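Q: Would you mind keeping the following structure in view while I ask a few things?
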Amino acid sequence: MPTSLSGSLPFDCFGLPGLMKTWVDRVPVHGFAHGAGGTRLQGKPLIQSFTTGAPGAAYASGQPMTSPLEDFLPALLCGMDDQSPVISTGMRHVPGVNSAEDLQAVTDRARDRAARLAA
């Protein structure tokens with residue numbers, strides 16, 4: 001049985017932020033969060049929140065990312081109360097490449113994301 005979830009997170013391939021990686025490596029470990037005696041996280045709410053630069057349509061069978069985005073979410077071994085994930089796709093703007101309208105669209109998606117997280 002693994003001592004942490006870090007090896008089972010497909011998003012690791014895309015580079016977790018440092019603080020998240022530290023949490024994944026240190027908190028949901030066998031004996032603390034899952035396995036024999038590992039009940040410390042049971043029932044705690046978990047909201048997974050992800051952004052991607054790729055558009056949502058890229059996450060489908062036969063598309064560049066090959067699978068629905070939900071297939072990439074971490075497996076939960078800890079008995080946590082998994083809330084609906086907050087996923088925002090197409091969150092990329094490259095100055096000088098994308099238009100002002102594209103920047104406004106990303107800004108609007110970011111505001112919608114903030115509202116969904118707050119709710």
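Each chain in the structure tokens gets a letter, A, B, ..., in the order shown, and its residues are numbered from 1; ligands are numbered from 1 in order too.
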Mind the document's chain letters and residue numbers, and return as a list in words the residues of chain A that DSSP labels strand (DSSP E or B).

A: His30, His34, Pro45, Leu46, Ser49, Phe50, Thr51, Asp81, Asp82, Val86, Ile87 and Ser88 of chain A

Q: Give me, as a PyMOL selection string, all polymer residues having an atom no more than 10 Å from stretch 38-51 of chain A, counting only C-alpha atoms and skipping those fewer than 4 positions away in the same chain.

A: chain A and resi 11+27-34+69+73-74+76-92+110+113+116-117

Q: Atom CA of A:Ala54 and atom CA of A:His93 are how many Å apart?

A: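 Atom-to-atom, atom CA of A:Ala54 and atom CA of A:His93 are spaced 10.9 Å apart.
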
Q: I need the alpha helix (DSSP H) residues of chain A per DSSP on the backbone, written as a list in words.

A: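 Checking each residue of chain A, the alpha helix (DSSP H) ones are Gly18, Leu19, Met20, Lys21, Thr22, Trp23, Val24, Asp25, Arg26, Ala100, Glu101, Asp102, Leu103, Gln104, Ala105, Val106, Thr107, Asp108, Arg109, Ala110, Arg111, Asp112, Arg113, Ala114, Ala115, Arg116, Leu117 and Ala118 of chain A.
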
Q: For the atom pair atom CA of A:Arg109 and atom CA of A:Val94, what is the interatomic distance in Å to one decimal place?

A: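 Computing it gives 15.6 Å between the two atoms.
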